[in-house]
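Chemist: Dropping a structure here in structure tokens format, bear with me for questions.
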Amino acid sequence: MNRLVEFLVSPAMKILLIALALVFPFVAGDEYQIYVMALAFIWAIAAYGFNIITGYCGQLNLAHGGFFAIGAYVVAILTVDHGWAFWPAFVASMVAGAVFGFLVGVVSLRLKEHYFAIFTLCVGYIIYLLLDKWEEVTHGSLGIINITPPEGFGLIDFTETIPFYYLVLFFLVLAIWLCSRISNSLVGRTFRAIRTSDDLAQSLGINLMRNKVLAFVLSTVYAAGAGGLYAGVVRFIGPAEAEIQHTFDLITYMLVGGIGTLMGPLLGTLIIMWLTQFLQSLEEYRMIVFGPLLVLLVIFFPMGIIGSFLSWRGRRAARRSPAHKTLSRVTEDDQDDKNREAGNNA
Amino acid sequence: MLKINNLTKRFGGLAAVNNVSVEFPANQINAIIGPNGAGKTTFFNLVAGAMPPTEGSIEFNGVDITGLAPDRIARLGVARTFQTTMLFDKSTVLDNLIVGHRLRTQSRLWDVIINSKRLRVEEEKCRAKARETLDFVGLSHIADRYIADISQEERKRVAFALAMATDPELVLLDEPAGGINPEETVNLAALIRKMVDHGITVCLIEHKMDMIMSLADKILVLDHGEKIAEGTPDQIKNDPVVIEAYLGSDQDVEA
């Protein structure tokens with residue numbers, strides 16, 4: 001039992017997860033499953049961005065799905081209307097995510113808590129309206145078709161499902177890696193101090209606006225990048241990408257997996273996406289299954305699956321450690337720190 | 001150390017702090033007392049920069065800090081604790097403290113991405129600081145416990161440690177002994193004395209008179225936002241104005 005728990009938070013677990021993801025296309029039943037998995041990975045990247053601003057920094061940004069759509073539209077418009085190749089357009093989508101994120105963040109982050117959430121809800125809707133109504137640029141409600149897929153430079157064909165799956169996997173690993181770096185660093189601790197309390201963070205000398213804007217821009221870059229990849233795989237997008245439903249789906253992913261944890265967004269996205277696939281035959285009635293499941297989860301595991309697991313593990317470790325440790329045992333303390341870091345990585 | 005001139009804060013027509021001038025010397029325990037609603041916490045908020053004063057000025061170590069943002073003031077060496085201790089429940093005691101020294105570090109996002117030497121050195125520094133302050137408040141043995149699982153008194157001590165981690169010269173303590181029992185109060189008073197012995201100036205708001213009278217070097221009494229007395233505990237104890245403010249006359253029944 002103990003060894004299993006420690007294995008789950010060890011570096012070996014990460015390698016195992018990556019290995020599983022690498023062999024998935026070979027064990028998947030058909031190409032459709034690989035395609036669903038690639039889409040789940042893209043949404044997971046967006047969920048990681050959401051986790052930075054909402055999970056770590058505590059600011060509920062309801063325009064997150066809107067930034068995903070901005071990324072998708074930047075790739076679509078640049079490749080279809082302006083003849084750009086995919087890769088420069090993909091970079092441009094992230095730059096656009098950063099620029100719009102900065103502008104929206106600087107204004108909206110002056111508001112706190114639910115006022116911020118309401119404001120960003122409106123921002124998200126404005127993004128939707130712009131995409132839907134500004135026909136000269138966005139093609140309006142028709143959407144944009146025939147988006148250029150990522151170029152493989154003659155080596156790889158990314159219009160094929162399997163190569164695209166690996167491309168998305170690469171970006172997902174990159175996204176999680178950066179997230180883990182931030183999470184364990186002083187920057188991540190700064191974000192978490194802000195989540196605990198604005199007043200407390202300020203009294204500790206933390207510049208609220210600068211750090212909130214940083215977290216916000218990071219999150220919108222993630223969202224826009226995920227949107228750019230989405231445009232490259234689906235190759236058809238419309239204003240529906242900016243609908244608020246996507247933002248709430250992402251919130252569900254985070255809540256199920258564990259908001260503010262490192263592996264929570266991925267686990268939550270995979271569980272919900274696959275559950276949705278399995279329940280497809282139920283069509284709209286699948287909410288009858290989802291609803292009660294979510295209610296139970298929020299009641300019994302309010303910190304999500306990963307969050308509850310980590311807190312259970314932490315308490316267990318604290319109970320087992322000798323009540324009065326002497327200070328002189330520095331080496332052992334250092335060892336504890338390392339163990340805990342491993343825990344934070346889960 | 002801390003010099004307040006004609007400090008006033010009005011909320012609409014109400015003057016929460018009204019024309020208060022006072023000087024708190026370094027390296028001692030300065031207490032602010034007064035009935036509920038006297039403006040004590042507002043006074044702290046003004047000093048810490050949480051809100052700008054309507055009038056007056058605040059000088060810290062000879063520097064005018066009036067109207068500065070709270071994070072700037074914190075970096076100049078003013079730390080504070082709050083009436084309700086705010087800590088991150090779902091994390092361990094040590095994890096809560098590491099961020100306390102953040103304001104003395106320089107690492108930015110770029111350092112995080114490339115895992116720079118500066119970041120590693122600074123993270124080690126913050127961790128060492130967290131252990132040092134935890135040791136200072138006598139809680140090294142619960143470093144790995146979750147905040148949600150520790151007692152009220154321990155939480156108060158962790159809040160002290162967090163304030164200490166910012167390397168402050170002045171610490172503002174808002175009702176540090178609120179909600180803890182008499183025996184713990186004595187221990188906490190000893191800790192406050194220990195902070196002063198380590199060269200820190202303390203300013204505290206407190207309702208527990210026994211504690212204040214035995215602990216404070218200087219007392220400022222506020223009532224309805226105005227300074228009604230200042231002096232040593234002995235002077236305050238015998239001041240007729242203070243006695244009236246506390247025991248109250250007919251119109252003084254506000255809570």
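Chain labels run A, B, ... following the order of the structure tokens; each chain numbers its residues from 1, and ligands are numbered from 1 in the order shown.
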Could you write out, as a count of residues only, all the residues of range 23-194 of chain B that DSSP marks as strand (DSSP E)?

Modeler: 24

Chemist: Could you go through range 82-181 of chain A and tell me which residues DSSP, when run on the backbone, assigns to helix (DSSP H, G or I), listing them as JSON, numbers by chain?

Modeler: {"A": [82, 86, 87, 88, 89, 90, 91, 92, 93, 94, 95, 96, 97, 98, 99, 100, 101, 102, 103, 104, 105, 106, 107, 108, 113, 114, 115, 116, 117, 118, 119, 120, 121, 122, 123, 124, 125, 126, 127, 128, 129, 130, 131, 132, 133, 135, 136, 137, 138, 140, 141, 142, 161, 162, 163, 164, 165, 166, 167, 168, 169, 170, 171, 172, 173, 174, 175, 176, 177, 178, 179, 180, 181]}

Chemist: Residues of chain B were defined as contacting chain A if any atom lay at most 7 Å from it, counting only C-alpha atoms; please report them as a PyMOL selection string.

Modeler: chain B and resi 70-72+74-75+79-80+86-88+99-100+102-103+108-109+112-113+123+141+144-145+166

Chemist: From the list A:Ile127, A:Met263, A:Ile18, A:Met1, which residue is nearest Gly55 in chain A when using only C-alpha atoms?

Modeler: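 So, comparing all the options, the nearest one is A:Met263.
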
Chemist: Of the candidates A:Ala40, A:Ala63, A:Ile126, A:Leu267, which shows the shortest atom-to-atom distance to Thr247 in chain A, using only C-alpha atoms?

Modeler: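 For Thr247 in chain A, the nearest of the candidates is A:Ala63.
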
Chemist: Show me, as a VMD selection string, the residues that have an atom within 12 Å of Phe170 in chain A when counting only C-alpha atoms, minus same-chain residues fewer than 3 positions from it.

Modeler: chain A and resid 18 21 to 22 38 41 to 42 45 163 to 167 173 to 177 229

Chemist: Could you give me, as a PyMOL selection string, the residues within 9 Å of range 104-117 of chain A, counting only C-alpha atoms and dropping anything in the same chain fewer than 2 positions from it?

Modeler: chain A and resi 58-63+99-102+119-123+209-210+212-214+216-217

Chemist: Could you take the residues named above and write them with N, CA and C atoms, as a PDB file, in the first residue's frame?

Modeler:
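Result file follows (again-v2.pdb):
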```pdb
ATOM      1  N   GLY A  58      -6.300  31.747  -8.153  1.00  0.00           N
ATOM      2  CA  GLY A  58      -7.593  31.963  -7.507  1.00  0.00           C
ATOM      3  C   GLY A  58      -8.535  32.940  -8.188  1.00  0.00           C
ATOM      4  N   GLN A  59      -8.267  33.279  -9.445  1.00  0.00           N
ATOM      5  CA  GLN A  59      -9.142  34.220 -10.150  1.00  0.00           C
ATOM      6  C   GLN A  59      -9.948  33.450 -11.198  1.00  0.00           C
ATOM      7  N   LEU A  60     -11.261  33.406 -11.012  1.00  0.00           N
ATOM      8  CA  LEU A  60     -12.114  32.627 -11.912  1.00  0.00           C
ATOM      9  C   LEU A  60     -12.367  33.396 -13.200  1.00  0.00           C
ATOM     10  N   ASN A  61     -11.619  33.043 -14.243  1.00  0.00           N
ATOM     11  CA  ASN A  61     -11.711  33.759 -15.513  1.00  0.00           C
ATOM     12  C   ASN A  61     -12.694  33.061 -16.445  1.00  0.00           C
ATOM     13  N   LEU A  62     -13.902  33.584 -16.546  1.00  0.00           N
ATOM     14  CA  LEU A  62     -14.925  32.926 -17.368  1.00  0.00           C
ATOM     15  C   LEU A  62     -14.778  33.264 -18.847  1.00  0.00           C
ATOM     16  N   ALA A  63     -13.742  34.004 -19.228  1.00  0.00           N
ATOM     17  CA  ALA A  63     -13.495  34.267 -20.647  1.00  0.00           C
ATOM     18  C   ALA A  63     -12.480  33.270 -21.205  1.00  0.00           C
ATOM     19  N   VAL A  99      -1.246  39.110 -26.011  1.00  0.00           N
ATOM     20  CA  VAL A  99      -1.588  40.530 -26.143  1.00  0.00           C
ATOM     21  C   VAL A  99      -3.015  40.786 -25.631  1.00  0.00           C
ATOM     22  N   PHE A 100      -3.975  39.977 -26.111  1.00  0.00           N
ATOM     23  CA  PHE A 100      -5.358  40.165 -25.655  1.00  0.00           C
ATOM     24  C   PHE A 100      -5.466  39.860 -24.161  1.00  0.00           C
ATOM     25  N   GLY A 101      -4.750  38.843 -23.739  1.00  0.00           N
ATOM     26  CA  GLY A 101      -4.766  38.488 -22.321  1.00  0.00           C
ATOM     27  C   GLY A 101      -4.274  39.639 -21.470  1.00  0.00           C
ATOM     28  N   PHE A 102      -3.206  40.284 -21.939  1.00  0.00           N
ATOM     29  CA  PHE A 102      -2.663  41.410 -21.182  1.00  0.00           C
ATOM     30  C   PHE A 102      -3.679  42.542 -21.099  1.00  0.00           C
ATOM     31  N   PHE A 119     -17.375  40.050 -14.821  1.00  0.00           N
ATOM     32  CA  PHE A 119     -16.769  40.874 -15.878  1.00  0.00           C
ATOM     33  C   PHE A 119     -16.220  39.977 -16.990  1.00  0.00           C
ATOM     34  N   THR A 120     -15.486  38.936 -16.607  1.00  0.00           N
ATOM     35  CA  THR A 120     -14.890  38.087 -17.636  1.00  0.00           C
ATOM     36  C   THR A 120     -15.957  37.271 -18.369  1.00  0.00           C
ATOM     37  N   LEU A 121     -17.062  36.959 -17.675  1.00  0.00           N
ATOM     38  CA  LEU A 121     -18.175  36.300 -18.362  1.00  0.00           C
ATOM     39  C   LEU A 121     -18.635  37.173 -19.524  1.00  0.00           C
ATOM     40  N   CYS A 122     -18.709  38.493 -19.250  1.00  0.00           N
ATOM     41  CA  CYS A 122     -19.111  39.435 -20.300  1.00  0.00           C
ATOM     42  C   CYS A 122     -18.049  39.502 -21.398  1.00  0.00           C
ATOM     43  N   VAL A 123     -16.779  39.514 -21.003  1.00  0.00           N
ATOM     44  CA  VAL A 123     -15.700  39.549 -22.005  1.00  0.00           C
ATOM     45  C   VAL A 123     -15.826  38.341 -22.928  1.00  0.00           C
ATOM     46  N   MET A 209      -1.158  43.252  -8.724  1.00  0.00           N
ATOM     47  CA  MET A 209      -1.518  43.443 -10.128  1.00  0.00           C
ATOM     48  C   MET A 209      -0.507  42.764 -11.043  1.00  0.00           C
ATOM     49  N   ARG A 210       0.770  42.966 -10.759  1.00  0.00           N
ATOM     50  CA  ARG A 210       1.791  42.407 -11.636  1.00  0.00           C
ATOM     51  C   ARG A 210       1.688  40.885 -11.684  1.00  0.00           C
ATOM     52  N   LYS A 212      -0.930  38.944 -10.793  1.00  0.00           N
ATOM     53  CA  LYS A 212      -2.194  38.472 -11.362  1.00  0.00           C
ATOM     54  C   LYS A 212      -2.165  38.564 -12.888  1.00  0.00           C
ATOM     55  N   VAL A 213      -1.630  39.675 -13.397  1.00  0.00           N
ATOM     56  CA  VAL A 213      -1.568  39.828 -14.855  1.00  0.00           C
ATOM     57  C   VAL A 213      -0.654  38.758 -15.449  1.00  0.00           C
ATOM     58  N   LEU A 214       0.461  38.474 -14.752  1.00  0.00           N
ATOM     59  CA  LEU A 214       1.366  37.426 -15.237  1.00  0.00           C
ATOM     60  C   LEU A 214       0.628  36.088 -15.338  1.00  0.00           C
ATOM     61  N   PHE A 216      -2.552  35.618 -15.525  1.00  0.00           N
ATOM     62  CA  PHE A 216      -3.615  35.728 -16.530  1.00  0.00           C
ATOM     63  C   PHE A 216      -3.054  35.547 -17.939  1.00  0.00           C
ATOM     64  N   VAL A 217      -1.940  36.237 -18.222  1.00  0.00           N
ATOM     65  CA  VAL A 217      -1.346  36.142 -19.561  1.00  0.00           C
ATOM     66  C   VAL A 217      -0.855  34.710 -19.828  1.00  0.00           C
TER      67      VAL A 217
END
```

Chemist: Restricting the calculation to only C-alpha atoms, which member of A:Gly124, A:Pro239, A:Gly228, A:Gly143 is positioned closest to Trp87 in chain A?

Modeler: A:Gly228

Chemist: Using only C-alpha atoms, which of the listed residues (B:Ile219, B:Ala245, B:Ile150, B:Ile73) sits closest to Pro25 in chain B?

Modeler: B:Ile219

Chemist: Write out as a list in words which residues come within 9 Å of Leu170 in chain B when counting only C-alpha atoms, dropping same-chain ones fewer than 4 positions away.

Modeler: Met1, Leu2, Ala26, Asn27, Gly77, Val78, Ala79, Arg80, Ile200, Thr201, Val202 and Cys203 of chain B
